[in-house]
Amino acid sequence: MFHDGVFVGWLRFNLFWDKIPFMNMLYFLKGHRGKGYGRRLTCFWEKEMMEGGYKNVMTSTRSDEQAQFFYRKMGYQDCGALRLPDEPFEMILLKILC
């Protein structure tokens with residue numbers, strides 16, 4: 001993502017089970033966080049997925065990260081978790097696109 005010609009961050013995704021768009025990275029460079037770019041880029045991505053015919057999107061975050069609160073504010077709901085040895089839970093979140 002660019003803002004005023006400056007690269008500020010990115011969103012990366014793939015397809016979960018080869019059919020559900022899964023955002024596996026949303027990252028913004030230091031100095032560009034907390035400015036609403038995450039919300040704008042996520043909304044853009046969701047719109048693109050909806051226009052592509054997808055009805056749901058997914059993402060995940062560790063239970064010890066603040067991102068879970070961002071995703072919940074964006075309408076994502078907890079739908080599962082993965083527990084790896086010696087790691088916090090990886091929370092799986094789902095959003096139904098309207």
# chains A, B, ... in the order shown; residues from 1 in each chain; ligands from 1
>>> select_by_dssp(residues="chain A", states="strand (DSSP E or B)", output="number ranges by chain")
A: 2-3, 6-7, 9-16, 20-28, 56-62, 77-82, 90-96
>>> atom_distance(atom1="atom CA of Met25 of chain A", atom2="atom CA of Leu11 of chain A")
5.5 Å
>>> closest_atom_pairs(of="segment 12-41 of chain A", to="segment 81-98 of chain A", cutoff="12 Å", atoms="only C-alpha atoms", output="JSON lines")
{"residue": "A:Phe16", "atom": "CA", "partner": "A:Ile92", "partner_atom": "CA", "distance": 11.3}
{"residue": "A:Ile20", "atom": "CA", "partner": "A:Leu94", "partner_atom": "CA", "distance": 9.7}
{"residue": "A:Pro21", "atom": "CA", "partner": "A:Leu94", "partner_atom": "CA", "distance": 10.0}
{"residue": "A:Phe22", "atom": "CA", "partner": "A:Leu94", "partner_atom": "CA", "distance": 9.0}
{"residue": "A:Met23", "atom": "CA", "partner": "A:Leu93", "partner_atom": "CA", "distance": 10.0}
{"residue": "A:Asn24", "atom": "CA", "partner": "A:Ile92", "partner_atom": "CA", "distance": 10.7}
>>> write_last_selection(atoms="all heavy atoms", output="compact mmCIF listing (two decimals), in the first residue's frame")
# COMPACT_ATOMS: atom_id res chain seq x y z
N PHE A 16 -7.57 -20.63 1.84
CA PHE A 16 -7.68 -21.68 2.83
C PHE A 16 -8.52 -22.80 2.24
O PHE A 16 -9.61 -22.53 1.71
CB PHE A 16 -8.33 -21.09 4.09
CG PHE A 16 -8.37 -22.00 5.27
CD1 PHE A 16 -7.24 -22.19 6.06
CD2 PHE A 16 -9.54 -22.65 5.62
CE1 PHE A 16 -7.27 -23.01 7.17
CE2 PHE A 16 -9.58 -23.48 6.73
CZ PHE A 16 -8.45 -23.67 7.50
N ILE A 20 -11.38 -20.44 0.46
CA ILE A 20 -11.75 -19.28 1.29
C ILE A 20 -10.56 -18.33 1.39
O ILE A 20 -9.49 -18.73 1.86
CB ILE A 20 -12.18 -19.71 2.71
CG1 ILE A 20 -13.35 -20.69 2.65
CG2 ILE A 20 -12.55 -18.48 3.54
CD1 ILE A 20 -13.67 -21.34 3.99
N PRO A 21 -10.69 -17.09 0.94
CA PRO A 21 -9.58 -16.14 1.06
C PRO A 21 -9.15 -16.00 2.53
O PRO A 21 -9.98 -15.78 3.42
CB PRO A 21 -10.16 -14.82 0.53
CG PRO A 21 -11.28 -15.24 -0.36
CD PRO A 21 -11.85 -16.46 0.28
N PHE A 22 -7.86 -16.18 2.76
CA PHE A 22 -7.29 -16.16 4.11
C PHE A 22 -6.16 -15.13 4.15
O PHE A 22 -5.14 -15.30 3.49
CB PHE A 22 -6.75 -17.55 4.46
CG PHE A 22 -6.26 -17.67 5.88
CD1 PHE A 22 -7.10 -18.15 6.86
CD2 PHE A 22 -4.98 -17.30 6.22
CE1 PHE A 22 -6.66 -18.27 8.18
CE2 PHE A 22 -4.53 -17.41 7.52
CZ PHE A 22 -5.37 -17.90 8.51
N MET A 23 -6.40 -14.04 4.88
CA MET A 23 -5.38 -12.99 5.02
C MET A 23 -4.31 -13.52 5.98
O MET A 23 -4.57 -13.71 7.16
CB MET A 23 -6.00 -11.70 5.58
CG MET A 23 -5.00 -10.59 5.75
SD MET A 23 -5.57 -9.10 6.62
CE MET A 23 -7.32 -9.16 6.62
N ASN A 24 -3.12 -13.76 5.45
CA ASN A 24 -2.08 -14.29 6.32
C ASN A 24 -1.04 -13.25 6.74
O ASN A 24 -0.16 -13.56 7.53
CB ASN A 24 -1.41 -15.53 5.72
CG ASN A 24 -0.86 -15.28 4.34
OD1 ASN A 24 -0.45 -14.18 4.01
ND2 ASN A 24 -0.87 -16.31 3.52
>>> atom_distance(atom1="atom CA of His32 of chain A", atom2="atom CA of Met1 of chain A")
10.9 Å
>>> atom_distance(atom1="atom CA of Met74 of chain A", atom2="atom CA of Arg33 of chain A")
16.5 Å
>>> decode(residues="segment 64-86 of chain A", atoms="N, CA, C and O atoms", output="short mmCIF file (atom, residue, chain, number, x, y, z; two decimals), in the first residue's frame")
data_model
loop_
_atom_site.label_atom_id
_atom_site.label_comp_id
_atom_site.auth_asym_id
_atom_site.auth_seq_id
_atom_site.Cartn_x
_atom_site.Cartn_y
_atom_site.Cartn_z
N ASP A 64 -1.84 -13.62 22.04
CA ASP A 64 -1.11 -12.61 22.81
C ASP A 64 -0.85 -11.33 22.00
O ASP A 64 -0.10 -10.47 22.42
N GLU A 65 -1.49 -11.20 20.84
CA GLU A 65 -1.32 -10.02 19.99
C GLU A 65 -2.57 -9.15 20.01
O GLU A 65 -3.70 -9.65 20.16
N GLN A 66 -2.39 -7.86 19.83
CA GLN A 66 -3.49 -6.90 19.84
C GLN A 66 -4.36 -6.99 18.58
O GLN A 66 -5.48 -6.48 18.57
N ALA A 67 -3.87 -7.63 17.54
CA ALA A 67 -4.61 -7.68 16.27
C ALA A 67 -6.00 -8.28 16.43
O ALA A 67 -6.92 -7.92 15.69
N GLN A 68 -6.18 -9.19 17.38
CA GLN A 68 -7.49 -9.81 17.58
C GLN A 68 -8.58 -8.77 17.82
O GLN A 68 -9.70 -8.91 17.32
N PHE A 69 -8.26 -7.69 18.50
CA PHE A 69 -9.24 -6.65 18.79
C PHE A 69 -9.57 -5.84 17.53
O PHE A 69 -10.71 -5.47 17.30
N PHE A 70 -8.56 -5.59 16.71
CA PHE A 70 -8.77 -4.92 15.43
C PHE A 70 -9.71 -5.75 14.55
O PHE A 70 -10.69 -5.24 14.01
N TYR A 71 -9.42 -7.04 14.42
CA TYR A 71 -10.24 -7.89 13.55
C TYR A 71 -11.67 -8.00 14.07
O TYR A 71 -12.62 -7.96 13.27
N ARG A 72 -11.86 -8.09 15.36
CA ARG A 72 -13.21 -8.15 15.90
C ARG A 72 -13.97 -6.86 15.61
O ARG A 72 -15.15 -6.88 15.28
N LYS A 73 -13.29 -5.71 15.72
CA LYS A 73 -13.93 -4.44 15.38
C LYS A 73 -14.30 -4.39 13.90
O LYS A 73 -15.25 -3.71 13.51
N MET A 74 -13.57 -5.11 13.08
CA MET A 74 -13.84 -5.16 11.65
C MET A 74 -14.92 -6.18 11.30
O MET A 74 -15.23 -6.37 10.13
N GLY A 75 -15.48 -6.85 12.31
CA GLY A 75 -16.58 -7.78 12.07
C GLY A 75 -16.18 -9.24 11.99
O GLY A 75 -17.02 -10.10 11.68
N TYR A 76 -14.94 -9.56 12.27
CA TYR A 76 -14.49 -10.96 12.27
C TYR A 76 -14.92 -11.62 13.57
O TYR A 76 -14.94 -10.98 14.62
N GLN A 77 -15.25 -12.90 13.48
CA GLN A 77 -15.68 -13.66 14.66
C GLN A 77 -14.75 -14.85 14.85
O GLN A 77 -14.31 -15.47 13.88
N ASP A 78 -14.49 -15.16 16.11
CA ASP A 78 -13.68 -16.32 16.43
C ASP A 78 -14.37 -17.57 15.89
O ASP A 78 -15.58 -17.73 16.06
N CYS A 79 -13.60 -18.44 15.26
CA CYS A 79 -14.20 -19.68 14.77
C CYS A 79 -13.33 -20.90 15.06
O CYS A 79 -13.65 -21.99 14.64
N GLY A 80 -12.23 -20.70 15.77
CA GLY A 80 -11.39 -21.83 16.12
C GLY A 80 -10.03 -21.36 16.60
O GLY A 80 -9.75 -20.16 16.66
N ALA A 81 -9.19 -22.33 16.95
CA ALA A 81 -7.85 -22.01 17.41
C ALA A 81 -6.95 -23.21 17.15
O ALA A 81 -7.41 -24.35 17.04
N LEU A 82 -5.68 -22.93 17.06
CA LEU A 82 -4.66 -23.95 16.85
C LEU A 82 -3.65 -23.80 17.98
O LEU A 82 -3.22 -22.68 18.28
N ARG A 83 -3.27 -24.90 18.58
CA ARG A 83 -2.30 -24.85 19.67
C ARG A 83 -1.07 -25.65 19.28
O ARG A 83 -1.15 -26.84 19.06
N LEU A 84 0.05 -24.95 19.13
CA LEU A 84 1.33 -25.60 18.86
C LEU A 84 2.13 -25.64 20.16
O LEU A 84 1.96 -24.76 21.02
N PRO A 85 2.99 -26.63 20.33
CA PRO A 85 3.77 -26.72 21.57
C PRO A 85 4.56 -25.44 21.84
O PRO A 85 5.17 -24.87 20.93
N ASP A 86 4.50 -24.98 23.08
CA ASP A 86 5.27 -23.82 23.55
C ASP A 86 4.93 -22.52 22.82
O ASP A 86 5.76 -21.61 22.76
#
